[in-house]
$ cat my_file-v9.txt   # compact mmCIF, C-alpha atoms
# COMPACT_ATOMS: atom_id res chain seq x y z
CA MET A 1 -55.27 -4.22 -14.56
CA ILE A 2 -51.94 -5.74 -13.53
CA THR A 3 -49.50 -4.70 -10.81
CA VAL A 4 -46.28 -2.78 -11.29
CA ASP A 5 -44.32 -5.88 -10.29
CA GLU A 6 -46.14 -8.01 -12.86
CA HIS A 7 -45.44 -5.58 -15.70
CA ARG A 8 -41.83 -5.19 -14.62
CA ALA A 9 -41.38 -8.98 -14.45
CA ARG A 10 -42.71 -9.37 -18.00
CA ILE A 11 -40.28 -6.76 -19.28
CA LEU A 12 -37.22 -8.10 -17.47
CA GLY A 13 -38.11 -11.62 -18.51
CA ALA A 14 -37.95 -10.57 -22.15
CA VAL A 15 -34.63 -8.71 -22.17
CA GLY A 16 -31.09 -9.80 -21.44
CA PRO A 17 -27.56 -8.48 -21.89
CA LEU A 18 -26.60 -7.58 -25.43
CA PRO A 19 -23.98 -9.94 -26.94
CA ALA A 20 -20.46 -9.06 -25.89
CA ALA A 21 -18.11 -7.49 -28.41
CA ALA A 22 -14.47 -6.42 -28.48
CA HIS A 23 -13.85 -2.85 -27.34
CA ARG A 24 -10.61 -0.94 -27.05
CA THR A 25 -9.89 0.04 -23.47
CA SER A 26 -9.90 3.68 -24.58
CA ASP A 27 -13.55 3.26 -25.60
CA ALA A 28 -14.72 1.00 -22.76
CA THR A 29 -15.38 3.43 -19.92
CA GLY A 30 -18.75 2.64 -18.34
CA LEU A 31 -19.19 -0.67 -20.14
CA VAL A 32 -19.70 -3.96 -18.30
CA LEU A 33 -16.95 -6.54 -18.67
CA ALA A 34 -18.25 -9.79 -20.17
CA ALA A 35 -15.27 -12.09 -19.49
CA ASP A 36 -12.64 -12.25 -16.76
CA ILE A 37 -9.32 -10.56 -17.41
CA ALA A 38 -6.33 -12.57 -16.11
CA ASN A 39 -2.81 -11.20 -15.88
CA ARG A 40 -0.64 -12.27 -18.81
CA TRP A 41 2.37 -11.94 -16.52
CA ALA A 42 3.28 -11.13 -12.96
CA VAL A 43 2.60 -7.64 -11.66
CA PRO A 44 5.14 -6.14 -11.20
CA LEU A 45 6.97 -7.91 -14.01
CA PHE A 46 10.33 -7.70 -12.24
CA ASP A 47 11.91 -6.43 -9.05
CA ASN A 48 11.96 -2.66 -9.48
CA SER A 49 12.86 0.40 -7.50
CA ALA A 50 10.17 2.29 -5.60
CA MET A 51 12.39 5.37 -5.26
CA ASP A 52 14.95 7.43 -7.08
CA GLY A 53 18.18 6.51 -5.32
CA TYR A 54 20.96 3.95 -5.24
CA ALA A 55 20.90 0.17 -5.43
CA VAL A 56 23.23 -1.25 -2.81
CA HIS A 57 24.36 -4.22 -0.80
CA GLY A 58 22.58 -3.56 2.49
CA ALA A 59 25.60 -4.73 4.47
CA ASP A 60 27.72 -1.99 2.87
CA ALA A 61 25.18 0.81 3.30
CA THR A 62 25.84 1.74 6.90
CA VAL A 63 25.61 5.30 8.19
CA GLY A 64 28.77 7.18 7.21
CA ALA A 65 29.85 4.63 4.61
CA THR A 66 31.08 6.00 1.30
CA LEU A 67 30.16 3.93 -1.75
CA ARG A 68 31.59 4.22 -5.27
CA ILE A 69 28.99 4.64 -8.04
CA VAL A 70 29.65 2.16 -10.85
CA GLY A 71 26.65 2.75 -13.13
CA ASP A 72 23.17 4.07 -13.84
CA VAL A 73 19.92 2.16 -14.35
CA PRO A 74 17.13 4.40 -15.70
CA ALA A 75 13.53 3.23 -16.04
CA GLY A 76 13.19 0.99 -19.07
CA SER A 77 16.83 -0.06 -19.08
CA PRO A 78 17.60 -3.77 -19.64
CA ASP A 79 20.96 -3.43 -17.89
CA ASP A 80 21.86 -5.59 -14.89
CA PRO A 81 25.17 -4.14 -13.69
CA ALA A 82 27.35 -6.03 -11.22
CA ILE A 83 27.84 -4.43 -7.79
CA GLY A 84 30.98 -5.23 -5.87
CA ALA A 85 31.83 -4.59 -2.24
CA GLY A 86 31.70 -0.89 -1.43
CA GLU A 87 29.88 -0.08 -4.66
CA ALA A 88 26.41 1.16 -5.64
CA VAL A 89 24.39 1.88 -8.78
CA ARG A 90 22.27 4.97 -9.28
CA ILE A 91 18.69 3.88 -10.07
CA MET A 92 15.44 5.57 -11.05
CA THR A 93 11.91 4.80 -9.86
CA GLY A 94 10.50 1.83 -11.80
CA ALA A 95 13.86 0.65 -13.10
CA PRO A 96 14.82 -3.02 -12.65
CA VAL A 97 16.86 -3.58 -9.51
CA PRO A 98 20.26 -5.14 -10.24
CA THR A 99 20.41 -8.79 -9.28
CA ALA A 100 23.32 -8.10 -6.97
CA ALA A 101 21.43 -5.45 -4.92
CA ASP A 102 19.23 -6.19 -1.91
CA ALA A 103 18.11 -2.65 -1.00
CA VAL A 104 17.65 0.83 -2.44
CA VAL A 105 18.86 3.95 -0.62
CA PRO A 106 16.70 6.99 -1.52
CA LEU A 107 18.44 10.14 -2.75
CA GLU A 108 17.52 11.98 0.42
CA ASP A 109 19.36 9.42 2.58
CA THR A 110 22.71 10.36 1.03
CA ASP A 111 25.01 13.36 1.31
CA LEU A 112 24.09 14.47 -2.22
CA GLY A 113 20.41 14.83 -1.39
CA THR A 114 17.70 15.23 -4.02
CA GLY A 115 19.40 17.72 -6.30
CA ILE A 116 19.40 16.83 -9.99
CA LEU A 117 22.87 15.81 -11.17
CA ALA A 118 23.72 16.10 -14.85
CA THR A 119 26.37 13.39 -14.63
CA THR A 120 26.76 10.22 -12.61
CA PRO A 121 28.39 11.05 -9.25
CA GLU A 122 31.65 9.34 -8.35
CA SER A 123 30.49 8.39 -4.86
CA ILE A 124 27.88 8.88 -2.16
CA THR A 125 27.94 8.84 1.62
CA ILE A 126 25.07 7.09 3.39
CA THR A 127 23.21 9.24 5.96
CA ALA A 128 20.46 6.71 6.85
CA ALA A 129 20.93 2.95 6.58
CA PRO A 130 18.25 1.02 4.65
CA LYS A 131 16.37 -1.94 6.04
CA PRO A 132 16.74 -5.27 4.20
CA GLY A 133 14.77 -5.11 0.92
CA ALA A 134 14.01 -1.42 1.40
CA HIS A 135 12.25 0.34 -1.48
CA ILE A 136 12.21 -2.71 -3.76
CA ARG A 137 8.91 -3.72 -5.35
CA ARG A 138 9.15 -7.47 -5.75
CA ALA A 139 8.06 -9.24 -8.93
CA GLY A 140 4.51 -10.58 -8.59
CA GLU A 141 3.85 -8.96 -5.20
CA ASP A 142 0.71 -7.31 -6.61
CA ALA A 143 -0.47 -10.37 -8.56
CA PRO A 144 1.08 -13.49 -10.10
CA ALA A 145 0.69 -14.38 -13.76
CA GLY A 146 -2.69 -15.96 -14.46
CA ARG A 147 -4.54 -14.37 -11.55
CA VAL A 148 -7.84 -12.71 -12.47
CA ALA A 149 -7.31 -8.96 -12.39
CA VAL A 150 -10.87 -7.84 -13.21
CA THR A 151 -13.91 -10.12 -13.03
CA ALA A 152 -16.78 -10.38 -15.50
CA GLY A 153 -19.69 -8.17 -14.53
CA THR A 154 -17.47 -5.29 -13.41
CA VAL A 155 -18.39 -1.80 -14.60
CA LEU A 156 -15.24 -0.46 -16.23
CA GLY A 157 -13.94 2.78 -14.76
CA PRO A 158 -10.47 4.37 -14.74
CA TRP A 159 -9.03 2.08 -12.08
CA GLN A 160 -10.36 -1.11 -13.65
CA LEU A 161 -9.10 -0.10 -17.10
CA SER A 162 -5.68 0.64 -15.63
CA ALA A 163 -5.60 -2.85 -14.11
CA ILE A 164 -6.56 -4.33 -17.49
CA ALA A 165 -3.77 -2.46 -19.25
CA SER A 166 -1.31 -3.60 -16.58
CA ALA A 167 -2.52 -7.16 -17.16
CA GLY A 168 -1.42 -6.80 -20.79
CA PHE A 169 -4.58 -6.05 -22.76
CA GLU A 170 -5.65 -3.23 -25.07
CA THR A 171 -9.08 -4.68 -25.86
CA VAL A 172 -11.78 -6.26 -23.71
CA GLN A 173 -14.93 -8.27 -24.27
CA ALA A 174 -17.74 -6.09 -22.93
CA HIS A 175 -21.47 -5.63 -23.39
CA PRO A 176 -22.19 -2.64 -25.65
CA ARG A 177 -24.41 0.22 -24.65
CA PRO A 178 -27.96 -0.29 -25.98
CA ARG A 179 -28.76 1.95 -28.94
CA VAL A 180 -32.19 3.46 -28.35
CA ALA A 181 -34.72 5.20 -30.60
CA ILE A 182 -37.10 7.73 -29.03
CA ILE A 183 -40.37 8.48 -30.80
CA SER A 184 -42.75 11.16 -29.56
CA THR A 185 -46.21 10.95 -31.11
CA GLY A 186 -48.87 13.62 -31.26
CA SER A 187 -50.07 16.17 -33.79
CA GLU A 188 -50.35 18.71 -30.97
CA LEU A 189 -46.59 18.78 -30.36
CA ILE A 190 -44.33 21.58 -31.56
CA ALA A 191 -40.66 22.42 -31.00
CA PRO A 192 -39.97 23.89 -27.55
CA SER A 193 -38.79 27.15 -29.13
CA GLY A 194 -41.96 27.48 -31.21
CA THR A 195 -45.02 29.61 -30.42
CA PRO A 196 -47.99 27.35 -29.72
CA THR A 197 -51.39 28.13 -31.13
CA ARG A 198 -54.62 26.85 -29.64
CA GLY A 199 -54.33 23.11 -28.92
CA GLN A 200 -50.55 22.93 -29.32
CA ILE A 201 -47.93 22.27 -26.63
CA PRO A 202 -44.10 22.16 -26.54
CA GLU A 203 -42.68 18.69 -27.05
CA SER A 204 -40.60 17.84 -23.97
CA ASN A 205 -40.76 14.07 -23.75
CA SER A 206 -37.92 13.43 -26.18
CA VAL A 207 -35.74 15.88 -24.25
CA LEU A 208 -36.55 14.11 -20.99
CA LEU A 209 -35.96 10.66 -22.44
CA THR A 210 -32.74 11.59 -24.23
CA ALA A 211 -31.18 12.68 -20.95
CA ALA A 212 -32.64 9.72 -19.05
CA VAL A 213 -31.41 7.17 -21.60
CA GLU A 214 -27.91 8.63 -21.54
CA GLN A 215 -27.86 8.69 -17.73
CA ALA A 216 -28.86 5.02 -17.76
CA GLY A 217 -25.71 4.23 -19.75
CA ALA A 218 -27.36 3.75 -23.15
CA ILE A 219 -26.98 5.63 -26.45
CA VAL A 220 -29.68 7.69 -28.13
CA ALA A 221 -29.40 6.58 -31.74
CA ALA A 222 -32.51 8.30 -33.15
CA VAL A 223 -35.11 10.86 -32.06
CA ARG A 224 -38.31 11.23 -34.07
CA HIS A 225 -41.59 13.14 -33.82
CA VAL A 226 -44.52 11.46 -35.55
CA LEU A 227 -47.93 12.99 -36.14
CA ASP A 228 -51.07 11.05 -35.27
CA ASP A 229 -50.96 9.12 -38.51
CA ASN A 230 -50.74 5.33 -38.70
CA ASP A 231 -48.76 5.19 -41.93
CA SER A 232 -46.21 7.70 -40.67
CA LEU A 233 -45.60 5.67 -37.54
CA ARG A 234 -45.25 2.44 -39.52
CA ALA A 235 -42.73 4.07 -41.83
CA THR A 236 -40.74 5.47 -38.91
CA MET A 237 -40.63 2.12 -37.13
CA ALA A 238 -39.52 0.35 -40.30
CA GLU A 239 -36.48 2.57 -40.80
CA LEU A 240 -35.01 2.07 -37.33
CA ASP A 241 -31.86 0.02 -36.68
CA VAL A 242 -31.58 0.04 -32.91
CA ASP A 243 -31.58 -2.22 -29.85
CA ALA A 244 -34.70 -0.73 -28.22
CA VAL A 245 -37.52 1.69 -29.03
CA ILE A 246 -39.32 4.02 -26.62
CA LEU A 247 -42.56 5.65 -27.78
CA THR A 248 -44.57 8.25 -25.88
CA GLY A 249 -48.21 9.08 -26.36
CA GLY A 250 -50.98 7.19 -28.10
CA ALA A 251 -50.87 4.20 -25.75
CA SER A 252 -54.33 4.46 -24.20
CA VAL A 253 -57.87 3.97 -25.52
CA GLY A 254 -58.48 7.27 -27.32
CA ALA A 255 -59.80 7.44 -30.86
CA PHE A 256 -56.48 8.86 -32.11
CA ASP A 257 -54.11 6.69 -30.10
CA VAL A 258 -51.88 5.85 -33.04
CA VAL A 259 -49.25 3.85 -31.14
CA LYS A 260 -51.74 1.31 -29.87
CA ALA A 261 -53.52 1.15 -33.23
CA VAL A 262 -50.30 0.39 -35.11
CA LEU A 263 -48.36 -1.76 -32.67
CA ASP A 264 -50.90 -3.75 -30.66
CA GLY A 265 -50.38 -7.39 -31.60
CA THR A 266 -47.16 -6.73 -33.53
CA GLY A 267 -44.69 -9.39 -32.45
CA SER A 268 -45.33 -9.89 -28.76
CA ILE A 269 -46.35 -6.25 -28.11
CA GLU A 270 -49.32 -5.97 -25.78
CA PHE A 271 -51.06 -2.95 -24.26
CA THR A 272 -52.34 -3.11 -20.72
CA THR A 273 -53.26 -1.02 -17.71
CA VAL A 274 -50.94 -1.04 -14.71
CA ALA A 275 -52.12 -0.27 -11.19
CA MET A 276 -50.00 2.85 -10.79
CA GLN A 277 -50.57 6.60 -10.68
CA PRO A 278 -49.35 8.17 -12.92
CA GLY A 279 -48.56 5.85 -15.84
CA LYS A 280 -51.58 3.55 -15.96
CA PRO A 281 -51.59 2.82 -19.75
CA GLN A 282 -48.51 0.85 -20.78
CA GLY A 283 -47.39 -1.18 -23.73
CA PHE A 284 -44.46 -3.53 -24.13
CA GLY A 285 -43.24 -6.40 -26.26
CA LEU A 286 -40.68 -7.56 -28.78
CA SER A 287 -40.89 -6.65 -32.45
CA HIS A 288 -38.38 -8.61 -34.53
CA GLY A 289 -36.57 -9.32 -31.25
CA ILE A 290 -36.30 -5.62 -30.35
CA PRO A 291 -37.87 -4.41 -27.07
CA VAL A 292 -40.53 -1.77 -27.68
CA PHE A 293 -41.77 0.37 -24.78
CA ALA A 294 -45.00 2.31 -25.30
CA LEU A 295 -45.41 4.92 -22.57
CA PRO A 296 -48.18 7.43 -21.86
CA GLY A 297 -47.81 10.95 -23.23
CA ASN A 298 -47.96 13.16 -20.13
CA PRO A 299 -44.43 14.15 -19.06
CA VAL A 300 -44.67 13.03 -15.42
CA SER A 301 -46.10 9.71 -16.59
CA VAL A 302 -43.17 9.38 -18.99
CA ALA A 303 -40.64 10.17 -16.26
CA VAL A 304 -42.19 7.71 -13.81
CA SER A 305 -42.66 4.97 -16.41
CA PHE A 306 -39.05 5.27 -17.51
CA GLU A 307 -37.77 4.88 -13.96
CA MET A 308 -40.04 1.96 -13.11
CA PHE A 309 -39.74 -0.06 -16.32
CA VAL A 310 -37.42 1.25 -19.04
CA ARG A 311 -34.31 2.13 -17.06
CA PRO A 312 -34.02 -1.32 -15.40
CA ALA A 313 -34.40 -2.97 -18.81
CA LEU A 314 -31.76 -0.80 -20.47
CA ARG A 315 -29.39 -1.44 -17.58
CA ARG A 316 -29.89 -5.18 -17.97
CA MET A 317 -29.32 -4.96 -21.72
CA GLY A 318 -26.03 -3.21 -21.02
CA GLY A 319 -24.93 -6.11 -18.84
CA HIS A 320 -25.40 -4.40 -15.49
CA THR A 321 -26.43 -6.53 -12.53
CA ASN A 322 -27.27 -3.49 -10.42
CA ILE A 323 -30.29 -2.33 -12.41
CA ASP A 324 -32.37 -0.61 -9.71
CA ARG A 325 -32.26 2.77 -8.05
CA PRO A 326 -31.54 2.66 -4.29
CA LEU A 327 -34.51 2.67 -1.90
CA VAL A 328 -34.52 4.45 1.47
CA THR A 329 -37.15 5.11 4.11
CA ARG A 330 -38.07 8.64 5.18
CA GLN A 331 -40.79 10.29 7.28
CA ALA A 332 -43.47 12.31 5.49
CA ALA A 333 -42.76 16.00 6.12
CA VAL A 334 -46.39 17.02 5.39
CA ASP A 335 -49.83 15.50 4.93
CA TRP A 336 -51.07 14.63 1.46
CA ARG A 337 -53.84 12.64 -0.15
CA SER A 338 -53.06 9.54 -2.22
CA ARG A 339 -55.23 7.91 -4.85
CA GLY A 340 -56.16 4.55 -3.34
CA GLY A 341 -56.36 1.40 -5.40
CA ARG A 342 -53.11 2.03 -7.29
CA LEU A 343 -49.48 2.43 -6.34
CA GLN A 344 -48.87 6.18 -6.22
CA ILE A 345 -45.45 7.16 -7.54
CA LEU A 346 -44.94 10.77 -6.58
CA PRO A 347 -42.08 13.06 -7.66
CA ALA A 348 -40.67 14.13 -4.33
CA ILE A 349 -37.97 16.02 -2.49
CA TYR A 350 -36.13 14.17 0.26
CA ASP A 351 -33.37 14.87 2.77
CA ASP A 352 -31.67 12.88 5.50
CA ASN A 353 -34.89 12.59 7.50
CA THR A 354 -38.00 13.53 5.52
CA VAL A 355 -39.77 13.40 2.16
CA SER A 356 -42.42 15.67 0.68
CA PRO A 357 -44.18 16.09 -2.70
CA ALA A 358 -42.27 18.13 -5.26
CA ALA A 359 -45.49 19.70 -6.61
CA ARG A 360 -47.96 21.79 -4.64
CA GLY A 361 -50.71 20.77 -7.02
CA GLY A 362 -50.73 17.10 -6.14
CA SER A 363 -49.79 14.08 -8.23
CA GLY A 364 -51.23 14.90 -11.66
CA SER A 365 -49.35 13.48 -14.62
CA HIS A 366 -49.38 16.90 -16.31
CA LEU A 367 -47.46 18.69 -13.54
CA VAL A 368 -44.19 18.70 -15.45
CA THR A 369 -42.69 21.70 -13.67
CA SER A 370 -42.51 19.64 -10.48
CA LEU A 371 -39.91 17.40 -12.10
CA ALA A 372 -37.33 20.16 -11.97
CA ASP A 373 -37.22 20.05 -8.17
CA ALA A 374 -37.71 16.31 -7.66
CA THR A 375 -34.79 14.29 -6.30
CA ALA A 376 -36.74 11.10 -5.65
CA LEU A 377 -39.96 9.19 -6.18
CA ALA A 378 -42.15 8.51 -3.15
CA LEU A 379 -43.82 5.10 -3.41
CA ILE A 380 -47.24 5.00 -1.70
CA PRO A 381 -48.93 1.56 -1.52
CA ALA A 382 -52.29 1.05 -3.23
CA ASP A 383 -54.12 0.55 0.08
CA VAL A 384 -53.14 4.01 1.37
CA ASP A 385 -55.41 6.94 0.54
CA ARG A 386 -53.91 9.48 2.91
CA VAL A 387 -50.34 10.15 4.05
CA SER A 388 -49.94 11.85 7.41
CA GLN A 389 -46.93 13.79 8.63
CA GLY A 390 -44.51 11.36 10.26
CA ASP A 391 -45.62 8.29 8.26
CA LEU A 392 -42.74 6.15 7.02
CA ILE A 393 -42.47 6.30 3.22
CA THR A 394 -40.39 4.23 0.81
CA VAL A 395 -38.36 6.54 -1.40
CA MET A 396 -36.61 5.74 -4.68
CA VAL A 397 -33.52 7.94 -4.82
CA LEU A 398 -32.89 9.62 -8.19
CA SER A 399 -29.94 11.83 -7.29
$ encode --input "my_file-v9.txt" --output "structure tokens"
Amino acid sequence: MITVDEHRARILGAVGPLPAAAHRTSDATGLVLAADIANRWAVPLFDNSAMDGYAVHGADATVGATLRIVGDVPAGSPDDPAIGAGEAVRIMTGAPVPTAADAVVPLEDTDLGTGILATTPESITITAAPKPGAHIRRAGEDAPAGRVAVTAGTVLGPWQLSAIASAGFETVQAHPRPRVAIISTGSELIAPSGTPTRGQIPESNSVLLTAAVEQAGAIVAAVRHVLDDNDSLRATMAELDVDAVILTGGASVGAFDVVKAVLDGTGSIEFTTVAMQPGKPQGFGLSHGIPVFALPGNPVSVAVSFEMFVRPALRRMGGHTNIDRPLVTRQAAVDWRSRGGRLQILPAIYDDNTVSPAARGGSGSHLVTSLADATALALIPADVDRVSQGDLITVMVLS
């Protein structure tokens, strides 16, 4: 039996970020940038107006002064009108400031106010004098040309993508989301909407894993249910074209454990026992360079195994450096027994101060209903066989 840390280290040592590819910014939300983005030009590109108003010589724009309007500069205009003494140019927000101007007077600081005028006014009277350089965004004041706007390793969200577009790019080099196949094995499994007969149970693992994979930032490319038949599993594995495979069930030492029978020794795939409760039987390795995760079949074991091993690996494959859930410390709200000799990983409910088991029935791997209420996993060391109210517990936060 190996430790959780040993199994995790083997997995993370075998996987790395998927090769970067070009992605349109419109399709890159949530991806991890693979190469720095540097501004192609200064931001802003040119001196531009921060307000709707009038471009002026500051020396002329004293309170009570009347200035003649000699032109208009809307946003996007290439015009650079001359401004003589006692003159001004009407200007819109974002428009280039005329070279001759050294300040902008907002609409509200004139006698005409903010009303919309259909035609260019003949003149304005200043009601509040501007400070030097008022309401002018200077070229390059945000960033000069060549400065890195977004660094490699950044998770691309709306603000980062806006900065990339402002830097002059419509595509980025980013790590793609891993494409994942989910295979549930077991002849006892039926569709959740079916009516089970003796020995049959609803198949929930693929539902759990589909949501978990998507929440981890990966893509579910295939979902399959395979009966306990070696040839069927071989055929299913052969048809997959994905970046990772997750199998549930058939990973232990039972006579009908098809996953272990088919995959043990394939590529670098090995099956082992991990000192954890639940989730003791585990399998992992590379088959044709593709990571293959073989998890137990009980739903709580699947949920715990995914969080401890699969999620960090998928995050790394997607280029993320932050691959782990946050850990906090809370006091036990109640007493409970823990199975000594293995790390107990218990679906739990936590708040600002305390943590307690999500299930009344204990820590059994079959207690799937407890997952609905769980917001965390309580991590109980292997040398602890009893938790007492008030004990400090390490908690992995799930939501």
$ closest_residue --input "my_file-v9.txt" --among "A:Thr119, A:Thr321, A:Asn48, A:Ser184" --to "Ala294 of chain A" --atoms "all atoms listed in the file"
A:Ser184
$ closest_residue --input "my_file-v9.txt" --among "A:Ala85, A:Ala165, A:Val73, A:Ile290" --to "Thr120 of chain A" --atoms "all atoms listed in the file"
A:Val73
$ closest_residue --input "my_file-v9.txt" --among "A:Ile2, A:Ala9, A:Ala28, A:Ile349" --to "Thr273 of chain A" --atoms "all atoms listed in the file"
A:Ile2
$ atom_distance --input "my_file-v9.txt" --atom1 "atom CA of Ala88 of chain A" --atom2 "atom CA of Ala55 of chain A"
5.6 Å
$ atom_distance --input "my_file-v9.txt" --atom1 "atom CA of Ala34 of chain A" --atom2 "atom CA of Arg325 of chain A"
22.4 Å
$ closest_residue --input "my_file-v9.txt" --among "A:Val104, A:Leu227, A:Val89, A:Ala374" --to "Glu122 of chain A" --atoms "only C-alpha atoms"
A:Val89
$ atom_distance --input "my_file-v9.txt" --atom1 "atom CA of Val220 of chain A" --atom2 "atom CA of Ala21 of chain A"
19.1 Å
$ closest_residue --input "my_file-v9.txt" --among "A:Leu156, A:Met1, A:Gly76, A:Asp47" --to "Ala103 of chain A" --atoms "all atoms listed in the file"
A:Asp47
$ closest_residue --input "my_file-v9.txt" --among "A:Ala20, A:Ala65, A:Ile345, A:Ala145" --to "Ala275 of chain A" --atoms "only C-alpha atoms"
A:Ile345
$ residues_around --input "my_file-v9.txt" --residues "Ala101 of chain A" --least-positions-apart "4" --cutoff "7 Å" --atoms "only C-alpha atoms" --output "PyMOL selection string"
chain A and resi 55-57+97
$ residues_around --input "my_file-v9.txt" --residues "segment 350-358 of chain A" --least-positions-apart "6" --cutoff "12 Å" --atoms "all atoms listed in the file" --output "count of residues only"
42
$ residues_near_point --input "my_file-v9.txt" --point "(-40.8, -2.9, -26.1)" --cutoff "8 Å" --atoms "only C-alpha atoms" --output "count of residues only"
15
$ residues_around --input "my_file-v9.txt" --residues "segment 301-307 of chain A" --least-positions-apart "5" --cutoff "10 Å" --atoms "only C-alpha atoms" --output "ChimeraX atom specification"
/A:4,205-206,208-209,212-213,216,246-249,276-282,293-296,312-314,324-325,345-347,364-368,371,377,396,398
$ write_last_selection --input "my_file-v9.txt" --atoms "C-alpha atoms" --output "short mmCIF file (atom, residue, chain, number, x, y, z; two decimals), in the frame of the given file"
data_model
loop_
_atom_site.label_atom_id
_atom_site.label_comp_id
_atom_site.auth_asym_id
_atom_site.auth_seq_id
_atom_site.Cartn_x
_atom_site.Cartn_y
_atom_site.Cartn_z
CA VAL A 4 -46.28 -2.78 -11.29
CA ASN A 205 -40.76 14.07 -23.75
CA SER A 206 -37.92 13.43 -26.18
CA LEU A 208 -36.55 14.11 -20.99
CA LEU A 209 -35.96 10.66 -22.44
CA ALA A 212 -32.64 9.72 -19.05
CA VAL A 213 -31.41 7.17 -21.60
CA ALA A 216 -28.86 5.02 -17.76
CA ILE A 246 -39.32 4.02 -26.62
CA LEU A 247 -42.56 5.65 -27.78
CA THR A 248 -44.57 8.25 -25.88
CA GLY A 249 -48.21 9.08 -26.36
CA MET A 276 -50.00 2.85 -10.79
CA GLN A 277 -50.57 6.60 -10.68
CA PRO A 278 -49.35 8.17 -12.92
CA GLY A 279 -48.56 5.85 -15.84
CA LYS A 280 -51.58 3.55 -15.96
CA PRO A 281 -51.59 2.82 -19.75
CA GLN A 282 -48.51 0.85 -20.78
CA PHE A 293 -41.77 0.37 -24.78
CA ALA A 294 -45.00 2.31 -25.30
CA LEU A 295 -45.41 4.92 -22.57
CA PRO A 296 -48.18 7.43 -21.86
CA PRO A 312 -34.02 -1.32 -15.40
CA ALA A 313 -34.40 -2.97 -18.81
CA LEU A 314 -31.76 -0.80 -20.47
CA ASP A 324 -32.37 -0.61 -9.71
CA ARG A 325 -32.26 2.77 -8.05
CA ILE A 345 -45.45 7.16 -7.54
CA LEU A 346 -44.94 10.77 -6.58
CA PRO A 347 -42.08 13.06 -7.66
CA GLY A 364 -51.23 14.90 -11.66
CA SER A 365 -49.35 13.48 -14.62
CA HIS A 366 -49.38 16.90 -16.31
CA LEU A 367 -47.46 18.69 -13.54
CA VAL A 368 -44.19 18.70 -15.45
CA LEU A 371 -39.91 17.40 -12.10
CA LEU A 377 -39.96 9.19 -6.18
CA MET A 396 -36.61 5.74 -4.68
CA LEU A 398 -32.89 9.62 -8.19
#
$ axis_aligned_box --input "my_file-v9.txt" --around "segment 155-163 of chain A" --padding-each-side "3 Å" --output "AutoDock Vina command-line options"
--center_x -12.0 --center_y 0.8 --center_z -14.6 --size_x 18.8 --size_y 13.2 --size_z 11.0
$ residues_near_point --input "my_file-v9.txt" --point "(-58.4, 2.6, -2.2)" --cutoff "10 Å" --atoms "only C-alpha atoms" --output "number ranges by chain"
A: 338-343, 381-386
$ write_last_selection --input "my_file-v9.txt" --atoms "C-alpha atoms" --output "PDB file, keeping the file's coordinate frame"
ATOM      1  CA  SER A 338     -53.060   9.540  -2.220  1.00  0.00           C
ATOM      2  CA  ARG A 339     -55.230   7.910  -4.850  1.00  0.00           C
ATOM      3  CA  GLY A 340     -56.160   4.550  -3.340  1.00  0.00           C
ATOM      4  CA  GLY A 341     -56.360   1.400  -5.400  1.00  0.00           C
ATOM      5  CA  ARG A 342     -53.110   2.030  -7.290  1.00  0.00           C
ATOM      6  CA  LEU A 343     -49.480   2.430  -6.340  1.00  0.00           C
ATOM      7  CA  PRO A 381     -48.930   1.560  -1.520  1.00  0.00           C
ATOM      8  CA  ALA A 382     -52.290   1.050  -3.230  1.00  0.00           C
ATOM      9  CA  ASP A 383     -54.120   0.550   0.080  1.00  0.00           C
ATOM     10  CA  VAL A 384     -53.140   4.010   1.370  1.00  0.00           C
ATOM     11  CA  ASP A 385     -55.410   6.940   0.540  1.00  0.00           C
ATOM     12  CA  ARG A 386     -53.910   9.480   2.910  1.00  0.00           C
TER      13      ARG A 386
END
